[in-house]
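**Q** Sharing protein16.pdb (PDB, C-alpha atoms, pLDDT in the B column) below.
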ATOM      1  CA  MET Y   1     -12.629 -16.131   0.563  1.00 58.00           C
ATOM      2  CA  SER Y   2     -13.464 -13.725  -2.246  1.00 67.00           C
ATOM      3  CA  PRO Y   3     -15.301 -15.006  -5.320  1.00 78.00           C
ATOM      4  CA  ALA Y   4     -13.340 -16.079  -8.380  1.00 90.00           C
ATOM      5  CA  VAL Y   5     -12.534 -13.411 -10.935  1.00 95.00           C
ATOM      6  CA  ASP Y   6     -12.870 -13.905 -14.668  1.00 97.00           C
ATOM      7  CA  ILE Y   7      -9.757 -13.726 -16.838  1.00 98.00           C
ATOM      8  CA  LEU Y   8     -10.126 -13.930 -20.601  1.00 98.00           C
ATOM      9  CA  LEU Y   9      -7.470 -15.898 -22.507  1.00 98.00           C
ATOM     10  CA  VAL Y  10      -7.504 -15.168 -26.230  1.00 97.00           C
ATOM     11  CA  ASP Y  11      -5.367 -17.222 -28.611  1.00 95.00           C
ATOM     12  CA  ASP Y  12      -6.063 -19.115 -31.818  1.00 93.00           C
ATOM     13  CA  HIS Y  13      -3.667 -21.944 -30.856  1.00 93.00           C
ATOM     14  CA  GLU Y  14      -4.959 -24.609 -28.463  1.00 94.00           C
ATOM     15  CA  GLU Y  15      -1.467 -25.319 -27.099  1.00 95.00           C
ATOM     16  CA  ASN Y  16      -1.046 -21.666 -26.070  1.00 94.00           C
ATOM     17  CA  LEU Y  17      -4.371 -21.692 -24.230  1.00 96.00           C
ATOM     18  CA  LEU Y  18      -3.382 -24.900 -22.457  1.00 96.00           C
ATOM     19  CA  ALA Y  19      -0.039 -23.373 -21.456  1.00 95.00           C
ATOM     20  CA  LEU Y  20      -1.747 -20.278 -20.053  1.00 96.00           C
ATOM     21  CA  GLU Y  21      -4.184 -22.426 -18.092  1.00 96.00           C
ATOM     22  CA  ALA Y  22      -1.291 -24.475 -16.691  1.00 96.00           C
ATOM     23  CA  ILE Y  23       0.503 -21.310 -15.586  1.00 96.00           C
ATOM     24  CA  LEU Y  24      -2.565 -19.598 -14.110  1.00 96.00           C
ATOM     25  CA  THR Y  25      -3.780 -22.376 -11.813  1.00 91.00           C
ATOM     26  CA  ASP Y  26      -4.904 -20.104  -8.957  1.00 92.00           C
ATOM     27  CA  PRO Y  27      -8.328 -21.251  -7.659  1.00 92.00           C
ATOM     28  CA  SER Y  28      -9.463 -17.621  -7.426  1.00 93.00           C
ATOM     29  CA  TYR Y  29      -9.209 -17.328 -11.229  1.00 96.00           C
ATOM     30  CA  ARG Y  30     -11.974 -18.431 -13.545  1.00 96.00           C
ATOM     31  CA  LEU Y  31     -10.201 -18.763 -16.892  1.00 97.00           C
ATOM     32  CA  VAL Y  32     -12.374 -18.168 -19.949  1.00 97.00           C
ATOM     33  CA  ARG Y  33     -11.087 -19.229 -23.364  1.00 97.00           C
ATOM     34  CA  ALA Y  34     -11.583 -17.466 -26.667  1.00 97.00           C
ATOM     35  CA  ARG Y  35     -10.098 -18.934 -29.847  1.00 96.00           C
ATOM     36  CA  SER Y  36     -10.474 -15.763 -31.941  1.00 95.00           C
ATOM     37  CA  GLY Y  37     -11.030 -12.040 -31.716  1.00 94.00           C
ATOM     38  CA  ARG Y  38     -14.718 -12.546 -32.469  1.00 95.00           C
ATOM     39  CA  ASP Y  39     -15.032 -15.119 -29.668  1.00 96.00           C
ATOM     40  CA  ALA Y  40     -13.304 -12.655 -27.336  1.00 96.00           C
ATOM     41  CA  LEU Y  41     -15.794  -9.920 -28.240  1.00 95.00           C
ATOM     42  CA  ARG Y  42     -18.705 -12.276 -27.522  1.00 95.00           C
ATOM     43  CA  GLU Y  43     -17.215 -13.081 -24.110  1.00 96.00           C
ATOM     44  CA  VAL Y  44     -16.654  -9.394 -23.318  1.00 96.00           C
ATOM     45  CA  LEU Y  45     -20.313  -8.737 -24.106  1.00 94.00           C
ATOM     46  CA  ALA Y  46     -21.354 -11.476 -21.680  1.00 93.00           C
ATOM     47  CA  ARG Y  47     -19.360 -10.537 -18.555  1.00 93.00           C
ATOM     48  CA  ASP Y  48     -16.778  -8.328 -16.900  1.00 92.00           C
ATOM     49  CA  PHE Y  49     -13.176  -9.467 -16.803  1.00 96.00           C
ATOM     50  CA  ALA Y  50     -10.438  -8.619 -14.335  1.00 95.00           C
ATOM     51  CA  LEU Y  51      -7.901  -8.987 -17.137  1.00 96.00           C
ATOM     52  CA  ILE Y  52      -7.618 -10.005 -20.784  1.00 97.00           C
ATOM     53  CA  LEU Y  53      -4.549 -11.850 -22.085  1.00 97.00           C
ATOM     54  CA  LEU Y  54      -4.630 -11.369 -25.830  1.00 94.00           C
ATOM     55  CA  ASP Y  55      -2.524 -12.908 -28.585  1.00 92.00           C
ATOM     56  CA  VAL Y  56      -1.513 -10.391 -31.239  1.00 90.00           C
ATOM     57  CA  ALA Y  57      -1.243 -12.636 -34.295  1.00 87.00           C
ATOM     58  CA  MET Y  58      -4.636 -14.150 -35.015  1.00 88.00           C
ATOM     59  CA  PRO Y  59      -6.480 -14.675 -38.304  1.00 86.00           C
ATOM     60  CA  ASP Y  60      -9.592 -12.662 -39.072  1.00 85.00           C
ATOM     61  CA  LEU Y  61      -9.414 -10.066 -36.271  1.00 88.00           C
ATOM     62  CA  ASP Y  62      -5.904  -9.640 -34.939  1.00 89.00           C
ATOM     63  CA  GLY Y  63      -5.193  -8.663 -31.353  1.00 90.00           C
ATOM     64  CA  TYR Y  64      -4.937  -4.942 -32.125  1.00 89.00           C
ATOM     65  CA  GLU Y  65      -8.303  -4.868 -33.883  1.00 92.00           C
ATOM     66  CA  THR Y  66      -9.865  -6.930 -31.100  1.00 93.00           C
ATOM     67  CA  ALA Y  67      -8.445  -4.590 -28.445  1.00 93.00           C
ATOM     68  CA  ALA Y  68      -9.725  -1.513 -30.283  1.00 93.00           C
ATOM     69  CA  LEU Y  69     -13.236  -3.009 -30.404  1.00 94.00           C
ATOM     70  CA  ILE Y  70     -13.084  -3.982 -26.727  1.00 95.00           C
ATOM     71  CA  ARG Y  71     -12.109  -0.398 -25.870  1.00 92.00           C
ATOM     72  CA  GLN Y  72     -15.128   0.994 -27.742  1.00 92.00           C
ATOM     73  CA  ARG Y  73     -17.518  -0.468 -25.170  1.00 90.00           C
ATOM     74  CA  GLU Y  74     -18.003   1.609 -22.036  1.00 89.00           C
ATOM     75  CA  ARG Y  75     -18.208  -1.508 -19.872  1.00 88.00           C
ATOM     76  CA  SER Y  76     -14.846  -2.905 -21.027  1.00 91.00           C
ATOM     77  CA  ARG Y  77     -13.036   0.356 -21.738  1.00 90.00           C
ATOM     78  CA  ASP Y  78     -10.877   0.093 -18.601  1.00 91.00           C
ATOM     79  CA  THR Y  79     -10.343  -3.672 -18.533  1.00 94.00           C
ATOM     80  CA  PRO Y  80      -6.583  -4.271 -18.436  1.00 94.00           C
ATOM     81  CA  LEU Y  81      -5.231  -5.908 -21.591  1.00 95.00           C
ATOM     82  CA  ILE Y  82      -1.893  -7.687 -21.840  1.00 95.00           C
ATOM     83  CA  PHE Y  83      -0.689  -8.585 -25.303  1.00 91.00           C
ATOM     84  CA  LEU Y  84       1.210 -11.841 -25.728  1.00 90.00           C
ATOM     85  CA  THR Y  85       3.207 -12.408 -28.889  1.00 84.00           C
ATOM     86  CA  ALA Y  86       5.976 -14.497 -30.367  1.00 76.00           C
ATOM     87  CA  ASN Y  87       6.087 -12.612 -33.664  1.00 73.00           C
ATOM     88  CA  TYR Y  88       5.734  -8.872 -33.224  1.00 57.00           C
ATOM     89  CA  ARG Y  89       8.787  -7.749 -31.259  1.00 63.00           C
ATOM     90  CA  SER Y  90       9.515  -4.298 -32.662  1.00 64.00           C
ATOM     91  CA  ASP Y  91       9.014  -1.035 -30.810  1.00 71.00           C
ATOM     92  CA  MET Y  92       6.438  -0.120 -33.431  1.00 71.00           C
ATOM     93  CA  HIS Y  93       4.305  -3.115 -32.441  1.00 65.00           C
ATOM     94  CA  VAL Y  94       4.698  -2.380 -28.729  1.00 71.00           C
ATOM     95  CA  PHE Y  95       3.644   1.215 -29.426  1.00 65.00           C
ATOM     96  CA  ARG Y  96       0.673   0.015 -31.473  1.00 68.00           C
ATOM     97  CA  GLY Y  97      -0.356  -2.229 -28.580  1.00 74.00           C
ATOM     98  CA  SER Y  98      -0.163   0.694 -26.177  1.00 73.00           C
ATOM     99  CA  SER Y  99      -2.137   2.895 -28.544  1.00 69.00           C
ATOM    100  CA  VAL Y 100      -5.089   0.480 -28.448  1.00 80.00           C
ATOM    101  CA  GLY Y 101      -5.028   0.301 -24.667  1.00 74.00           C
ATOM    102  CA  ALA Y 102      -2.659  -2.494 -23.692  1.00 84.00           C
ATOM    103  CA  VAL Y 103      -1.147  -2.152 -20.232  1.00 85.00           C
ATOM    104  CA  ASP Y 104       1.669  -4.556 -21.095  1.00 86.00           C
ATOM    105  CA  TYR Y 105       3.217  -6.361 -24.041  1.00 87.00           C
ATOM    106  CA  ILE Y 106       4.868  -9.699 -23.231  1.00 86.00           C
ATOM    107  CA  PHE Y 107       7.060 -11.621 -25.642  1.00 84.00           C
ATOM    108  CA  LYS Y 108       6.857 -15.407 -25.935  1.00 82.00           C
ATOM    109  CA  PRO Y 109       8.459 -17.417 -24.582  1.00 85.00           C
ATOM    110  CA  PHE Y 110       7.990 -15.727 -21.227  1.00 88.00           C
ATOM    111  CA  THR Y 111       8.850 -16.664 -17.680  1.00 91.00           C
ATOM    112  CA  PRO Y 112       5.721 -18.173 -16.060  1.00 94.00           C
ATOM    113  CA  GLU Y 113       6.428 -16.534 -12.684  1.00 95.00           C
ATOM    114  CA  ILE Y 114       6.534 -13.091 -14.293  1.00 94.00           C
ATOM    115  CA  LEU Y 115       3.169 -13.655 -15.958  1.00 95.00           C
ATOM    116  CA  GLN Y 116       1.724 -14.999 -12.693  1.00 96.00           C
ATOM    117  CA  SER Y 117       2.982 -11.935 -10.848  1.00 95.00           C
ATOM    118  CA  LYS Y 118       1.536  -9.499 -13.389  1.00 95.00           C
ATOM    119  CA  VAL Y 119      -1.796 -11.293 -13.450  1.00 96.00           C
ATOM    120  CA  ALA Y 120      -1.925 -11.309  -9.638  1.00 95.00           C
ATOM    121  CA  VAL Y 121      -1.417  -7.528  -9.552  1.00 95.00           C
ATOM    122  CA  PHE Y 122      -4.269  -6.879 -11.990  1.00 94.00           C
ATOM    123  CA  VAL Y 123      -6.557  -9.333 -10.198  1.00 95.00           C
ATOM    124  CA  GLU Y 124      -5.838  -7.587  -6.893  1.00 94.00           C
ATOM    125  CA  LEU Y 125      -6.588  -4.184  -8.453  1.00 93.00           C
ATOM    126  CA  PHE Y 126      -9.834  -5.523  -9.911  1.00 93.00           C
ATOM    127  CA  THR Y 127     -10.838  -7.070  -6.583  1.00 94.00           C
ATOM    128  CA  LYS Y 128     -10.170  -3.820  -4.735  1.00 94.00           C
ATOM    129  CA  ARG Y 129     -12.011  -1.762  -7.358  1.00 91.00           C
ATOM    130  CA  GLU Y 130     -15.020  -4.086  -7.102  1.00 90.00           C
ATOM    131  CA  ALA Y 131     -14.939  -3.864  -3.289  1.00 91.00           C
ATOM    132  CA  LEU Y 132     -14.837  -0.066  -3.506  1.00 94.00           C
ATOM    133  CA  LYS Y 133     -17.756  -0.138  -5.912  1.00 91.00           C
ATOM    134  CA  ARG Y 134     -19.768  -2.339  -3.531  1.00 91.00           C
ATOM    135  CA  HIS Y 135     -18.915  -0.077  -0.581  1.00 93.00           C
ATOM    136  CA  GLY Y 136     -19.903   2.975  -2.611  1.00 92.00           C
ATOM    137  CA  GLU Y 137     -23.217   1.378  -3.537  1.00 91.00           C
ATOM    138  CA  ALA Y 138     -23.852   0.437   0.107  1.00 92.00           C
ATOM    139  CA  LEU Y 139     -23.003   3.978   1.170  1.00 93.00           C
ATOM    140  CA  GLN Y 140     -25.396   5.365  -1.448  1.00 94.00           C
ATOM    141  CA  ARG Y 141     -28.173   3.042  -0.230  1.00 94.00           C
ATOM    142  CA  ALA Y 142     -27.542   4.133   3.385  1.00 93.00           C
ATOM    143  CA  HIS Y 143     -27.570   7.778   2.285  1.00 94.00           C
ATOM    144  CA  ASP Y 144     -30.844   7.304   0.379  1.00 92.00           C
ATOM    145  CA  GLU Y 145     -32.405   5.519   3.362  1.00 94.00           C
ATOM    146  CA  LEU Y 146     -31.308   8.311   5.672  1.00 92.00           C
ATOM    147  CA  GLU Y 147     -32.719  10.913   3.276  1.00 93.00           C
ATOM    148  CA  ASP Y 148     -36.043   9.033   3.239  1.00 91.00           C
ATOM    149  CA  ARG Y 149     -36.092   8.880   7.039  1.00 93.00           C
ATOM    150  CA  VAL Y 150     -35.282  12.600   7.311  1.00 93.00           C
ATOM    151  CA  ALA Y 151     -38.042  13.425   4.823  1.00 91.00           C
ATOM    152  CA  ALA Y 152     -40.548  11.260   6.737  1.00 91.00           C
ATOM    153  CA  ARG Y 153     -39.538  12.813  10.061  1.00 94.00           C
ATOM    154  CA  THR Y 154     -39.745  16.301   8.539  1.00 92.00           C
ATOM    155  CA  ARG Y 155     -43.314  15.544   7.373  1.00 93.00           C
ATOM    156  CA  GLU Y 156     -44.196  14.274  10.866  1.00 91.00           C
ATOM    157  CA  LEU Y 157     -42.785  17.415  12.455  1.00 92.00           C
ATOM    158  CA  ALA Y 158     -44.590  19.659   9.951  1.00 90.00           C
ATOM    159  CA  GLU Y 159     -47.877  17.884  10.737  1.00 91.00           C
ATOM    160  CA  ALA Y 160     -47.249  18.176  14.479  1.00 90.00           C
ATOM    161  CA  ASN Y 161     -46.371  21.856  14.041  1.00 92.00           C
ATOM    162  CA  ALA Y 162     -49.564  22.490  12.055  1.00 90.00           C
ATOM    163  CA  SER Y 163     -51.567  20.671  14.718  1.00 90.00           C
ATOM    164  CA  LEU Y 164     -49.964  22.758  17.474  1.00 91.00           C
ATOM    165  CA  ARG Y 165     -50.607  26.011  15.558  1.00 92.00           C
ATOM    166  CA  ALA Y 166     -54.248  25.008  15.134  1.00 89.00           C
ATOM    167  CA  GLU Y 167     -54.495  24.254  18.863  1.00 89.00           C
ATOM    168  CA  ILE Y 168     -52.826  27.567  19.763  1.00 91.00           C
ATOM    169  CA  GLU Y 169     -55.197  29.486  17.474  1.00 90.00           C
ATOM    170  CA  GLN Y 170     -58.146  27.657  18.984  1.00 90.00           C
ATOM    171  CA  ARG Y 171     -56.979  28.570  22.530  1.00 89.00           C
ATOM    172  CA  ILE Y 172     -56.408  32.186  21.525  1.00 88.00           C
ATOM    173  CA  ARG Y 173     -59.924  32.358  20.091  1.00 88.00           C
ATOM    174  CA  GLY Y 174     -61.255  30.782  23.295  1.00 87.00           C
ATOM    175  CA  GLU Y 175     -59.394  33.342  25.414  1.00 85.00           C
ATOM    176  CA  ARG Y 176     -60.717  36.208  23.276  1.00 86.00           C
ATOM    177  CA  GLU Y 177     -64.271  34.927  23.599  1.00 85.00           C
ATOM    178  CA  ARG Y 178     -63.976  34.786  27.378  1.00 85.00           C
ATOM    179  CA  MET Y 179     -62.626  38.311  27.495  1.00 80.00           C
TER
END
Rewrite the structure from the file as structure tokens, please.

**A**
Amino acid sequence: MSPAVDILLVDDHEENLLALEAILTDPSYRLVRARSGRDALREVLARDFALILLDVAMPDLDGYETAALIRQRERSRDTPLIFLTANYRSDMHVFRGSSVGAVDYIFKPFTPEILQSKVAVFVELFTKREALKRHGEALQRAHDELEDRVAARTRELAEANASLRAEIEQRIRGERERM
């Protein structure tokens, strides 16, 4: 079984966070709550997330501002963001969400199975990307180890070659002295 992946749930309303947790009950998900944009930024600084579900309408930092700040960090630049909103339904708002890096924009109320399906896709992509990263790192370690072994063997062969040249020169000198 693969380890649980972190999913950040950002909403300023407790009931919305509870609803998201009830919908996303998969044991392979570790759901992390943030009650504001600032809380979300603190969480993003602390760990990597497979996905961020982000409410648009929040006091202080709204979802768009929060997303823009998340995108400024190299580490979280490619983290998928799905906006959830009950208020901002116009094409302009959907466009604004896309412009700050959202991969989807879901209107409340939404069908739980659709959200579960979308989350599952992003979790699978994250899991595969992490596996590829681990395989790449293992391949790099194997490559480095092989390079070290080749370098060590090359040194051994160079020393053996130098020793053989010295022995050949010594034999040639011995042959010349006998002649």

**Q** For the atom pair CA of Gly97 in chain Y and CA of Glu130 in chain Y, what is the interatomic distance in Å to one decimal place?

**A** 26.1 Å

**Q** Could you spell out the hits of the PyMOL selection byres ((chain Y and resi 16) around 12) on the shown file, as a PDB file with C-alpha atoms, in the coordinates of the input?

**A**
ATOM      1  CA  LEU Y   9      -7.470 -15.898 -22.507  1.00 98.00           C
ATOM      2  CA  VAL Y  10      -7.504 -15.168 -26.230  1.00 97.00           C
ATOM      3  CA  ASP Y  11      -5.367 -17.222 -28.611  1.00 95.00           C
ATOM      4  CA  ASP Y  12      -6.063 -19.115 -31.818  1.00 93.00           C
ATOM      5  CA  HIS Y  13      -3.667 -21.944 -30.856  1.00 93.00           C
ATOM      6  CA  GLU Y  14      -4.959 -24.609 -28.463  1.00 94.00           C
ATOM      7  CA  GLU Y  15      -1.467 -25.319 -27.099  1.00 95.00           C
ATOM      8  CA  LEU Y  17      -4.371 -21.692 -24.230  1.00 96.00           C
ATOM      9  CA  LEU Y  18      -3.382 -24.900 -22.457  1.00 96.00           C
ATOM     10  CA  ALA Y  19      -0.039 -23.373 -21.456  1.00 95.00           C
ATOM     11  CA  LEU Y  20      -1.747 -20.278 -20.053  1.00 96.00           C
ATOM     12  CA  GLU Y  21      -4.184 -22.426 -18.092  1.00 96.00           C
ATOM     13  CA  ALA Y  22      -1.291 -24.475 -16.691  1.00 96.00           C
ATOM     14  CA  ILE Y  23       0.503 -21.310 -15.586  1.00 96.00           C
ATOM     15  CA  ARG Y  33     -11.087 -19.229 -23.364  1.00 97.00           C
ATOM     16  CA  ALA Y  34     -11.583 -17.466 -26.667  1.00 97.00           C
ATOM     17  CA  ARG Y  35     -10.098 -18.934 -29.847  1.00 96.00           C
ATOM     18  CA  LEU Y  53      -4.549 -11.850 -22.085  1.00 97.00           C
ATOM     19  CA  LEU Y  54      -4.630 -11.369 -25.830  1.00 94.00           C
ATOM     20  CA  ASP Y  55      -2.524 -12.908 -28.585  1.00 92.00           C
ATOM     21  CA  LEU Y  84       1.210 -11.841 -25.728  1.00 90.00           C
ATOM     22  CA  THR Y  85       3.207 -12.408 -28.889  1.00 84.00           C
ATOM     23  CA  ALA Y  86       5.976 -14.497 -30.367  1.00 76.00           C
ATOM     24  CA  LYS Y 108       6.857 -15.407 -25.935  1.00 82.00           C
ATOM     25  CA  PRO Y 109       8.459 -17.417 -24.582  1.00 85.00           C
ATOM     26  CA  PHE Y 110       7.990 -15.727 -21.227  1.00 88.00           C
TER      27      PHE Y 110
END

**Q** Step by step, work through what the PyMOL selection byres ((chain Y and resi 68) around 10) selects in the shown file, and finish by giving those residues as an mmCIF file with C-alpha atoms, in the coordinates of the input.

**A**
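The resulting file, selection.cif, is reproduced below:
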data_model
loop_
_atom_site.group_PDB
_atom_site.id
_atom_site.type_symbol
_atom_site.label_atom_id
_atom_site.label_comp_id
_atom_site.auth_asym_id
_atom_site.auth_seq_id
_atom_site.Cartn_x
_atom_site.Cartn_y
_atom_site.Cartn_z
ATOM 1 C CA GLY Y 63 -5.193 -8.663 -31.353
ATOM 2 C CA TYR Y 64 -4.937 -4.942 -32.125
ATOM 3 C CA GLU Y 65 -8.303 -4.868 -33.883
ATOM 4 C CA THR Y 66 -9.865 -6.930 -31.100
ATOM 5 C CA ALA Y 67 -8.445 -4.590 -28.445
ATOM 6 C CA LEU Y 69 -13.236 -3.009 -30.404
ATOM 7 C CA ILE Y 70 -13.084 -3.982 -26.727
ATOM 8 C CA ARG Y 71 -12.109 -0.398 -25.870
ATOM 9 C CA GLN Y 72 -15.128 0.994 -27.742
ATOM 10 C CA ARG Y 73 -17.518 -0.468 -25.170
ATOM 11 C CA ARG Y 77 -13.036 0.356 -21.738
ATOM 12 C CA GLY Y 97 -0.356 -2.229 -28.580
ATOM 13 C CA SER Y 99 -2.137 2.895 -28.544
ATOM 14 C CA VAL Y 100 -5.089 0.480 -28.448
ATOM 15 C CA GLY Y 101 -5.028 0.301 -24.667
ATOM 16 C CA ALA Y 102 -2.659 -2.494 -23.692
#

**Q** Which neighbours of Lys118 in chain Y fall inside 12 Å, counting only C-alpha atoms, when residues of the same chain fewer than 5 positions from it are skipped, and could you give them as a ChimeraX atom specification?

**A** /Y:24,51-53,80-82,103-106,110-113,123-125

**Q** Got time to write the residues from that selection, C-alpha atoms, as an mmCIF file, in the coordinates of the input?

**A**
data_model
loop_
_atom_site.group_PDB
_atom_site.id
_atom_site.type_symbol
_atom_site.label_atom_id
_atom_site.label_comp_id
_atom_site.auth_asym_id
_atom_site.auth_seq_id
_atom_site.Cartn_x
_atom_site.Cartn_y
_atom_site.Cartn_z
ATOM 1 C CA LEU Y 24 -2.565 -19.598 -14.110
ATOM 2 C CA LEU Y 51 -7.901 -8.987 -17.137
ATOM 3 C CA ILE Y 52 -7.618 -10.005 -20.784
ATOM 4 C CA LEU Y 53 -4.549 -11.850 -22.085
ATOM 5 C CA PRO Y 80 -6.583 -4.271 -18.436
ATOM 6 C CA LEU Y 81 -5.231 -5.908 -21.591
ATOM 7 C CA ILE Y 82 -1.893 -7.687 -21.840
ATOM 8 C CA VAL Y 103 -1.147 -2.152 -20.232
ATOM 9 C CA ASP Y 104 1.669 -4.556 -21.095
ATOM 10 C CA TYR Y 105 3.217 -6.361 -24.041
ATOM 11 C CA ILE Y 106 4.868 -9.699 -23.231
ATOM 12 C CA PHE Y 110 7.990 -15.727 -21.227
ATOM 13 C CA THR Y 111 8.850 -16.664 -17.680
ATOM 14 C CA PRO Y 112 5.721 -18.173 -16.060
ATOM 15 C CA GLU Y 113 6.428 -16.534 -12.684
ATOM 16 C CA VAL Y 123 -6.557 -9.333 -10.198
ATOM 17 C CA GLU Y 124 -5.838 -7.587 -6.893
ATOM 18 C CA LEU Y 125 -6.588 -4.184 -8.453
#

**Q** Measure the distance from CA of Val5 in chain Y to CA of Thr127 in chain Y in Å and round it to one decimal.

**A**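 Pair CA of Val5 in chain Y / CA of Thr127 in chain Y returns 7.9 Å.
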
**Q** Between CA of Gly136 in chain Y and CA of Pro27 in chain Y, what is the distance in Å, rounded to a tenth?

**A** 27.3 Å
